[in-house]
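A short worksheet on the structure shown next.
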Amino acid sequence: MMLKYLLEKEFKQLLRNKFIPRMIIMFPILQLLIFPWAANFEINNINLSVVDHDHSSYSRRLIQKIVSSGYFQLTDVSPGYDRALQSVEKNKADVVVEIPRNFEKELEREGHVKLLIAANTVNGTKGGLSTGYLANIINGFASDLRQESGQASRASVVPAIDIVPYYRFNPNLNYKVFMVPALMVLVLTMLCGFLPALNIVGEKEAGTMEQINVTPVSKFTFILAKLLPFWIIGTIVITLSFGIAWLVYGLIPAGHLSTIYLFVLIYVLAISGFGLVISNYSDTIQQAMFVMYFFVMVLIMLSGLFTPINSMPAWAQDITLANPLRYLMQVMRLVYLKGSGIADMLPQLGALIGFAVLFNGWAVLSYKKKS
Amino acid sequence: MVKNNITSDFKSQLSTVNCQLENVIHVENLVKRFGDFTAVDHISFDVWQGEIFGFLGANGAGKTTAMRMLCGLSKPTEGHGRVAGFDIDREVEKVKSNIGYMSQKFSLYNDLKVWENIRLFAGIYGMRDREIAQKTDELLQRLNFASERNTLVKELPLGWKQKLAFSVSIFHHPKVVFLDEPTGGVDPVTRRQFWELIYEATAEGITVFVTTHYMDEAEYCNRVSIMVDGQIKALDTPKNLKHQFSADSMDDVFHQLARNAKRGDN
C-alpha cells in the first residue's frame, strides 16, 4: 500500500526534473550515433611513404594496388629510405614501402624479390595491422602476376596455398555489428547505474531522507520504490537503442528481442541495486559520483567491450567473473550476432540473477533507518 | 491580547492533563555515546499526554541527539525509553507509526506540490485515498491555503513551509509530535502563527515535544527541561523555574544554567 504512494512520488519527481527525462532520451541516441564510428578498431587512412628505386611498370602497378585498397593514402614519395624515415619522424607517414632497383627484372627472371616494409609502431595495433594489410596486398599482387604470366608452368613449381577465410556470424567483419550491441550495455550502465547512485544520497542532502526515516516505511518498500522506476527507464533506453541500431546501422538481432528484454530487466535490477548500495554509503552527491565513476571505469575496462576477455591475463579474466557488465555484453553480442536463446546462456542468466539478488539485498541491508 | 488568550488556554489544558496523568513519553537513564564522547548523559523524564514539553539547551547540549533517540532515528547506548507506549529500542517501527516529526532542516519534498506532499506522507502512514483527499481540503481551508494547493513547495516562503511541514507531521493524528527547532529563521509574527497551530494540535489531544532556542517560546510550554552538557539540569513549569532561579524570565533561567556549559559553539 505504501509502495503506491512512494512510487507516485518517485515518478512525479523524475518527470518534473528538467534534466533527467531529456538525458534518458538523448544519452542513448548520442552514444549510439557517435560511438560506433569513433570506437572503431579498423585502421583506415594509413599514411604511406613510397621509395621507388625501380620506376618500372610493375612498381607503379604495385603502388596503384596499395592505394586503391582504400586503407592507405600516399602522402610522401621519397628518393631514399633515409628521407622516408624523416617523414615518419615528422608524422607525415606511418608506413614505408621500399621497392628495390631491378624489382621488375628480378621478378621476371627469378620469380621472387624482396621488398622492405617499415612501420611506425608507436601505436602497436596500428603498426601491426598496417603491415598486415600491406603484406596481404603484396601477396595479392604476386598472385596476380603469377596468373598473368604462364600460370601453368610456374604455379606447378611453386604450390601456392590460398586460404579462403570463412567468417561466421559477422561475415563482413563489420566492427559496428560487434560494437553496437555492447554499447547498449554501456548506455544502460551509465543511466541505470548512475541515477540511482545519486538518488538516495540526494535525499540525504535535501534532508527528506530523515523525514522518511521517522516514518514506518520499511527498508524493503523504500528500496523497491527506488528501483522500479529504473526498470521503466531501462526498458525505454533499450527500446530506443534497438531502434537506432536498426535505423542507423541496419542491425536486427539474429535471436529474439524478448530474450534481450529479459536479460536487460535483470541487469537493470542488478546495476541499479549497485548504484543504490553506493548511494547508501555516501554522504554527499559528490562522493557518490566519484565512487560510482571509479567502479564504472573499472567495470567497463574489464567487460570485454574494447578488449577481448580471452586475451587478458588469467588474473584479469578472474576479476571479470565478478563483473555484471561482462555477462550482459556477452548476451547482447550472442543474441545479436549468433541468435542465441535463453537455453544457450544459462550461465549468464544465473550470474545476472545472482548479482541482482546480491546488490539489492545489500542495498536493503545497508540502508540505515537508524544510526 | 493573543498571548493572554494562549496563556489561559493552556492553563485550562494543564488542569485536564493533571487529571489524566498518562505519560506519552517515558525516559530512564538514556545515554548516547559516540566513541568517547557522551552526547546524552543519563537523562530521565516523563511527558504527559496533551502537554507541550519544551526541550531546551545550548547548541551541542545534546537535545537533537536525545530527540533522535526518541524518534527511533538513533539507537540508545544505554537506558531505555517508551514513546506512545512502545519501546524506543525494540519496537521502533511501532513508535514510528505513532509519532510525527519535523526536523530543523526543512524536509518536505521541494519538487512536489503542496497537496502531493500531504498525500505522500499521509499515504505512508496508512491513510486511505478518500480520507486523504477530504482531510487535505479541510486542512488547506483551515490554513487559508487552498489557493496554494498546486504550488511546488520550493516556491513557498519559509514561514509557510514550516506551517505546512508541521501540518503534514500531524496529519495522521499521531499521539506525539517532535518538533526540532521548528521556527528557525522567521519573524516573530510568523512564529506566533506557528504556535497557534501548535495549540490547535494540543487541543486535539496531540502531545508536543519541542526544542527551541527562543526563550519567549519556552514561556508558551507547559513544562520545560533545560539540558546542559548532555544532562537535564532543570525540569519544571516555566513559572516554577523562574521562581526557583529567582529570575524574571526564562531567558534569565537559561543563562544561569547554560553559563557553565563546557560544550557548545561559543
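All residue names refer to the C-alpha cells as shown: chains lettered A, B, ... in order, residues numbered from 1 in each chain, ligands numbered from 1 in order.
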Once DSSP has gone over the backbone, tell me which residues of segment 89-258 of chain B are in strand (DSSP E or B), as a ChimeraX atom specification. /B:99-102,113,152,176-180,207-212,223-228,231-236
I'd like a table as a Markdown table: residues in chain A with an atom no more than 6 Å from chain B, each row giving the shortest atom pair and its distance in Å to one decimal, only C-alpha atoms counted, sorted by chain and rising residue number.
```
| residue | atom | partner | partner_atom | distance |
| --- | --- | --- | --- | --- |
| A:Met2 | CA | B:Ile124 | CA | 5.1 |
| A:Tyr5 | CA | B:Leu120 | CA | 5.5 |
| A:Gly207 | CA | B:Ser107 | CA | 5.3 |
| A:Thr208 | CA | B:Ser107 | CA | 4.7 |
| A:Val214 | CA | B:Lys96 | CA | 5.8 |
| A:Thr215 | CA | B:Lys96 | CA | 5.3 |
| A:Pro216 | CA | B:Lys96 | CA | 5.3 |
| A:Lys370 | CA | B:Leu73 | CA | 4.5 |
| A:Ser371 | CA | B:Ser74 | CA | 4.7 |
```
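Nearest-residue note for Ala165 of chain B: choosing from B:Ile118, B:Ile25, B:Leu139, B:Ala258, the minimum distance belongs to B:Ile118, counting only C-alpha atoms.
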Do a neighbour search on segment 238-240 of chain A at 12 Å with only C-alpha atoms, toss out local chain neighbours closer than 5 positions, and write the hits as a PDB file with N, CA, C and O atoms, in the first residue's frame.
```pdb
ATOM      1  N   ILE A  24      17.595  10.716 -20.498  1.00  0.00           N
ATOM      2  CA  ILE A  24      17.215   9.339 -20.790  1.00  0.00           C
ATOM      3  C   ILE A  24      16.993   9.154 -22.285  1.00  0.00           C
ATOM      4  O   ILE A  24      17.296   8.104 -22.841  1.00  0.00           O
ATOM      5  N   ILE A  25      16.506  10.186 -22.947  1.00  0.00           N
ATOM      6  CA  ILE A  25      16.276  10.098 -24.386  1.00  0.00           C
ATOM      7  C   ILE A  25      17.559  10.391 -25.164  1.00  0.00           C
ATOM      8  O   ILE A  25      17.933   9.666 -26.084  1.00  0.00           O
ATOM      9  N   MET A  26      18.256  11.452 -24.783  1.00  0.00           N
ATOM     10  CA  MET A  26      19.397  11.910 -25.586  1.00  0.00           C
ATOM     11  C   MET A  26      20.630  11.020 -25.428  1.00  0.00           C
ATOM     12  O   MET A  26      21.388  10.825 -26.370  1.00  0.00           O
ATOM     13  N   PHE A  27      20.822  10.501 -24.230  1.00  0.00           N
ATOM     14  CA  PHE A  27      22.050   9.754 -23.979  1.00  0.00           C
ATOM     15  C   PHE A  27      22.204   8.531 -24.891  1.00  0.00           C
ATOM     16  O   PHE A  27      23.234   8.396 -25.567  1.00  0.00           O
ATOM     17  N   PRO A  28      21.181   7.670 -24.985  1.00  0.00           N
ATOM     18  CA  PRO A  28      21.338   6.518 -25.893  1.00  0.00           C
ATOM     19  C   PRO A  28      21.494   6.951 -27.343  1.00  0.00           C
ATOM     20  O   PRO A  28      22.296   6.370 -28.084  1.00  0.00           O
ATOM     21  N   ILE A  29      20.770   7.995 -27.735  1.00  0.00           N
ATOM     22  CA  ILE A  29      20.841   8.419 -29.129  1.00  0.00           C
ATOM     23  C   ILE A  29      22.260   8.871 -29.468  1.00  0.00           C
ATOM     24  O   ILE A  29      22.875   8.404 -30.431  1.00  0.00           O
ATOM     25  N   LEU A  30      22.785   9.765 -28.633  1.00  0.00           N
ATOM     26  CA  LEU A  30      24.119  10.292 -28.926  1.00  0.00           C
ATOM     27  C   LEU A  30      25.182   9.197 -28.847  1.00  0.00           C
ATOM     28  O   LEU A  30      26.035   9.080 -29.730  1.00  0.00           O
ATOM     29  N   GLN A  31      25.108   8.400 -27.784  1.00  0.00           N
ATOM     30  CA  GLN A  31      26.099   7.321 -27.624  1.00  0.00           C
ATOM     31  C   GLN A  31      26.133   6.426 -28.853  1.00  0.00           C
ATOM     32  O   GLN A  31      27.191   6.111 -29.374  1.00  0.00           O
ATOM     33  N   LEU A  32      24.941   6.025 -29.296  1.00  0.00           N
ATOM     34  CA  LEU A  32      24.894   5.041 -30.365  1.00  0.00           C
ATOM     35  C   LEU A  32      25.113   5.668 -31.734  1.00  0.00           C
ATOM     36  O   LEU A  32      25.472   4.987 -32.683  1.00  0.00           O
ATOM     37  N   LEU A  33      24.908   6.963 -31.846  1.00  0.00           N
ATOM     38  CA  LEU A  33      25.185   7.602 -33.133  1.00  0.00           C
ATOM     39  C   LEU A  33      26.665   7.885 -33.294  1.00  0.00           C
ATOM     40  O   LEU A  33      27.218   7.765 -34.384  1.00  0.00           O
ATOM     41  N   VAL A 180      27.955  -2.113 -31.500  1.00  0.00           N
ATOM     42  CA  VAL A 180      26.664  -1.508 -31.151  1.00  0.00           C
ATOM     43  C   VAL A 180      25.927  -2.273 -30.043  1.00  0.00           C
ATOM     44  O   VAL A 180      25.501  -1.656 -29.065  1.00  0.00           O
ATOM     45  N   PRO A 181      25.805  -3.596 -30.143  1.00  0.00           N
ATOM     46  CA  PRO A 181      25.098  -4.288 -29.051  1.00  0.00           C
ATOM     47  C   PRO A 181      25.792  -4.099 -27.704  1.00  0.00           C
ATOM     48  O   PRO A 181      25.132  -3.940 -26.680  1.00  0.00           O
ATOM     49  N   ALA A 182      27.116  -4.061 -27.720  1.00  0.00           N
ATOM     50  CA  ALA A 182      27.839  -3.905 -26.462  1.00  0.00           C
ATOM     51  C   ALA A 182      27.702  -2.479 -25.929  1.00  0.00           C
ATOM     52  O   ALA A 182      27.650  -2.253 -24.720  1.00  0.00           O
ATOM     53  N   LEU A 183      27.609  -1.524 -26.856  1.00  0.00           N
ATOM     54  CA  LEU A 183      27.448  -0.137 -26.415  1.00  0.00           C
ATOM     55  C   LEU A 183      26.105   0.068 -25.711  1.00  0.00           C
ATOM     56  O   LEU A 183      25.979   0.917 -24.837  1.00  0.00           O
ATOM     57  N   MET A 184      25.116  -0.726 -26.104  1.00  0.00           N
ATOM     58  CA  MET A 184      23.824  -0.620 -25.426  1.00  0.00           C
ATOM     59  C   MET A 184      23.992  -0.917 -23.940  1.00  0.00           C
ATOM     60  O   MET A 184      23.349  -0.302 -23.093  1.00  0.00           O
ATOM     61  N   VAL A 185      24.881  -1.866 -23.633  1.00  0.00           N
ATOM     62  CA  VAL A 185      25.138  -2.200 -22.232  1.00  0.00           C
ATOM     63  C   VAL A 185      25.751  -1.007 -21.513  1.00  0.00           C
ATOM     64  O   VAL A 185      25.406  -0.690 -20.369  1.00  0.00           O
ATOM     65  N   LEU A 186      26.628  -0.331 -22.231  1.00  0.00           N
ATOM     66  CA  LEU A 186      27.281   0.839 -21.653  1.00  0.00           C
ATOM     67  C   LEU A 186      26.243   1.915 -21.322  1.00  0.00           C
ATOM     68  O   LEU A 186      26.252   2.503 -20.239  1.00  0.00           O
ATOM     69  N   VAL A 187      25.337   2.158 -22.262  1.00  0.00           N
ATOM     70  CA  VAL A 187      24.299   3.169 -22.066  1.00  0.00           C
ATOM     71  C   VAL A 187      23.425   2.811 -20.858  1.00  0.00           C
ATOM     72  O   VAL A 187      23.161   3.644 -19.994  1.00  0.00           O
ATOM     73  N   LEU A 188      23.028   1.553 -20.788  1.00  0.00           N
ATOM     74  CA  LEU A 188      22.202   1.098 -19.666  1.00  0.00           C
ATOM     75  C   LEU A 188      22.928   1.293 -18.343  1.00  0.00           C
ATOM     76  O   LEU A 188      22.352   1.714 -17.348  1.00  0.00           O
ATOM     77  N   THR A 189      24.227   0.979 -18.367  1.00  0.00           N
ATOM     78  CA  THR A 189      25.012   1.081 -17.141  1.00  0.00           C
ATOM     79  C   THR A 189      25.115   2.526 -16.677  1.00  0.00           C
ATOM     80  O   THR A 189      24.952   2.827 -15.493  1.00  0.00           O
ATOM     81  N   LEU A 191      23.096   5.076 -17.325  1.00  0.00           N
ATOM     82  CA  LEU A 191      21.833   5.662 -16.867  1.00  0.00           C
ATOM     83  C   LEU A 191      21.288   4.952 -15.638  1.00  0.00           C
ATOM     84  O   LEU A 191      20.956   5.580 -14.642  1.00  0.00           O
ATOM     85  N   CYS A 192      21.217   3.619 -15.705  1.00  0.00           N
ATOM     86  CA  CYS A 192      20.568   2.888 -14.617  1.00  0.00           C
ATOM     87  C   CYS A 192      21.522   2.611 -13.466  1.00  0.00           C
ATOM     88  O   CYS A 192      21.125   2.057 -12.447  1.00  0.00           O
ATOM     89  N   PHE A 230      13.550   2.541 -12.427  1.00  0.00           N
ATOM     90  CA  PHE A 230      14.678   2.279 -13.317  1.00  0.00           C
ATOM     91  C   PHE A 230      14.408   1.115 -14.262  1.00  0.00           C
ATOM     92  O   PHE A 230      15.023   1.021 -15.328  1.00  0.00           O
ATOM     93  N   TRP A 231      13.477   0.260 -13.878  1.00  0.00           N
ATOM     94  CA  TRP A 231      13.047  -0.770 -14.817  1.00  0.00           C
ATOM     95  C   TRP A 231      12.423  -0.132 -16.032  1.00  0.00           C
ATOM     96  O   TRP A 231      12.677  -0.522 -17.161  1.00  0.00           O
ATOM     97  N   ILE A 232      11.606   0.854 -15.771  1.00  0.00           N
ATOM     98  CA  ILE A 232      10.929   1.524 -16.882  1.00  0.00           C
ATOM     99  C   ILE A 232      11.953   2.310 -17.701  1.00  0.00           C
ATOM    100  O   ILE A 232      11.972   2.250 -18.926  1.00  0.00           O
ATOM    101  N   ILE A 233      12.842   3.006 -16.998  1.00  0.00           N
ATOM    102  CA  ILE A 233      13.874   3.758 -17.706  1.00  0.00           C
ATOM    103  C   ILE A 233      14.713   2.811 -18.556  1.00  0.00           C
ATOM    104  O   ILE A 233      14.972   3.069 -19.737  1.00  0.00           O
ATOM    105  N   ALA A 245      19.838   1.074 -33.594  1.00  0.00           N
ATOM    106  CA  ALA A 245      20.659   0.026 -34.213  1.00  0.00           C
ATOM    107  C   ALA A 245      20.041  -0.411 -35.541  1.00  0.00           C
ATOM    108  O   ALA A 245      20.744  -0.680 -36.516  1.00  0.00           O
ATOM    109  N   TRP A 246      18.729  -0.444 -35.576  1.00  0.00           N
ATOM    110  CA  TRP A 246      18.048  -0.897 -36.785  1.00  0.00           C
ATOM    111  C   TRP A 246      18.038   0.204 -37.852  1.00  0.00           C
ATOM    112  O   TRP A 246      18.413  -0.018 -39.003  1.00  0.00           O
ATOM    113  N   LEU A 247      17.671   1.431 -37.440  1.00  0.00           N
ATOM    114  CA  LEU A 247      17.536   2.522 -38.415  1.00  0.00           C
ATOM    115  C   LEU A 247      18.878   2.986 -38.947  1.00  0.00           C
ATOM    116  O   LEU A 247      19.034   3.239 -40.136  1.00  0.00           O
ATOM    117  N   VAL A 248      19.853   3.100 -38.061  1.00  0.00           N
ATOM    118  CA  VAL A 248      21.120   3.700 -38.478  1.00  0.00           C
ATOM    119  C   VAL A 248      22.099   2.653 -38.992  1.00  0.00           C
ATOM    120  O   VAL A 248      22.803   2.868 -39.971  1.00  0.00           O
ATOM    121  N   LEU A 257      14.138 -10.636 -29.617  1.00  0.00           N
ATOM    122  CA  LEU A 257      14.180  -9.412 -28.824  1.00  0.00           C
ATOM    123  C   LEU A 257      13.774  -9.700 -27.385  1.00  0.00           C
ATOM    124  O   LEU A 257      14.326  -9.151 -26.435  1.00  0.00           O
ATOM    125  N   SER A 258      12.801 -10.596 -27.229  1.00  0.00           N
ATOM    126  CA  SER A 258      12.298 -10.868 -25.874  1.00  0.00           C
ATOM    127  C   SER A 258      13.404 -11.432 -24.986  1.00  0.00           C
ATOM    128  O   SER A 258      13.456 -11.164 -23.790  1.00  0.00           O
ATOM    129  N   ILE A 260      16.511 -10.537 -25.133  1.00  0.00           N
ATOM    130  CA  ILE A 260      17.293  -9.396 -24.673  1.00  0.00           C
ATOM    131  C   ILE A 260      16.553  -8.646 -23.575  1.00  0.00           C
ATOM    132  O   ILE A 260      17.130  -8.294 -22.552  1.00  0.00           O
ATOM    133  N   TYR A 261      15.241  -8.424 -23.782  1.00  0.00           N
ATOM    134  CA  TYR A 261      14.479  -7.709 -22.749  1.00  0.00           C
ATOM    135  C   TYR A 261      14.590  -8.408 -21.405  1.00  0.00           C
ATOM    136  O   TYR A 261      14.778  -7.769 -20.368  1.00  0.00           O
ATOM    137  N   LEU A 262      14.467  -9.724 -21.420  1.00  0.00           N
ATOM    138  CA  LEU A 262      14.539 -10.473 -20.166  1.00  0.00           C
ATOM    139  C   LEU A 262      15.870 -10.203 -19.462  1.00  0.00           C
ATOM    140  O   LEU A 262      15.920  -9.828 -18.285  1.00  0.00           O
ATOM    141  N   PHE A 263      16.951 -10.360 -20.222  1.00  0.00           N
ATOM    142  CA  PHE A 263      18.269 -10.155 -19.626  1.00  0.00           C
ATOM    143  C   PHE A 263      18.467  -8.713 -19.181  1.00  0.00           C
ATOM    144  O   PHE A 263      19.056  -8.441 -18.144  1.00  0.00           O
ATOM    145  N   VAL A 264      17.963  -7.779 -19.995  1.00  0.00           N
ATOM    146  CA  VAL A 264      18.137  -6.365 -19.655  1.00  0.00           C
ATOM    147  C   VAL A 264      17.399  -6.036 -18.357  1.00  0.00           C
ATOM    148  O   VAL A 264      17.928  -5.332 -17.498  1.00  0.00           O
ATOM    149  N   LEU A 265      16.196  -6.560 -18.193  1.00  0.00           N
ATOM    150  CA  LEU A 265      15.440  -6.255 -16.977  1.00  0.00           C
ATOM    151  C   LEU A 265      16.177  -6.764 -15.741  1.00  0.00           C
ATOM    152  O   LEU A 265      16.231  -6.077 -14.712  1.00  0.00           O
ATOM    153  N   TYR A 267      19.414  -7.267 -15.583  1.00  0.00           N
ATOM    154  CA  TYR A 267      20.644  -6.485 -15.476  1.00  0.00           C
ATOM    155  C   TYR A 267      20.388  -5.119 -14.840  1.00  0.00           C
ATOM    156  O   TYR A 267      21.147  -4.664 -13.980  1.00  0.00           O
ATOM    157  N   VAL A 268      19.295  -4.465 -15.281  1.00  0.00           N
ATOM    158  CA  VAL A 268      18.972  -3.142 -14.732  1.00  0.00           C
ATOM    159  C   VAL A 268      18.763  -3.231 -13.224  1.00  0.00           C
ATOM    160  O   VAL A 268      19.226  -2.384 -12.458  1.00  0.00           O
ATOM    161  N   MET A 332      24.316  -9.723 -25.208  1.00  0.00           N
ATOM    162  CA  MET A 332      23.941  -8.848 -26.316  1.00  0.00           C
ATOM    163  C   MET A 332      24.573  -9.314 -27.619  1.00  0.00           C
ATOM    164  O   MET A 332      23.934  -9.399 -28.654  1.00  0.00           O
TER     165      MET A 332
END
```
So which residues touch segment 272-289 of chain A within 7 Å, counting only C-alpha atoms, skipping near sequence neighbours fewer than 5 positions away, as number ranges by chain? A: 192-194, 196-202, 205, 227, 356, 359-360, 362-363, 366-367
Spatial neighbours of Ala234 of chain B, max dist 9 Å, only C-alpha atoms, sep filter under 3 positions, as a ChimeraX atom specification: /B:224-227,241,257
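Put simply, atom CA of Val177 of chain A is 12.9 Å away from atom CA of Met329 of chain A.
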Near-segment 128-139 of chain A list (8 Å; only C-alpha atoms; drop same-chain fewer than 2 positions) as an NGL selection string: :A and (43 or 46 or 62 or 65-66 or 69 or 95 or 117-119 or 121 or 124-126 or 141-143)
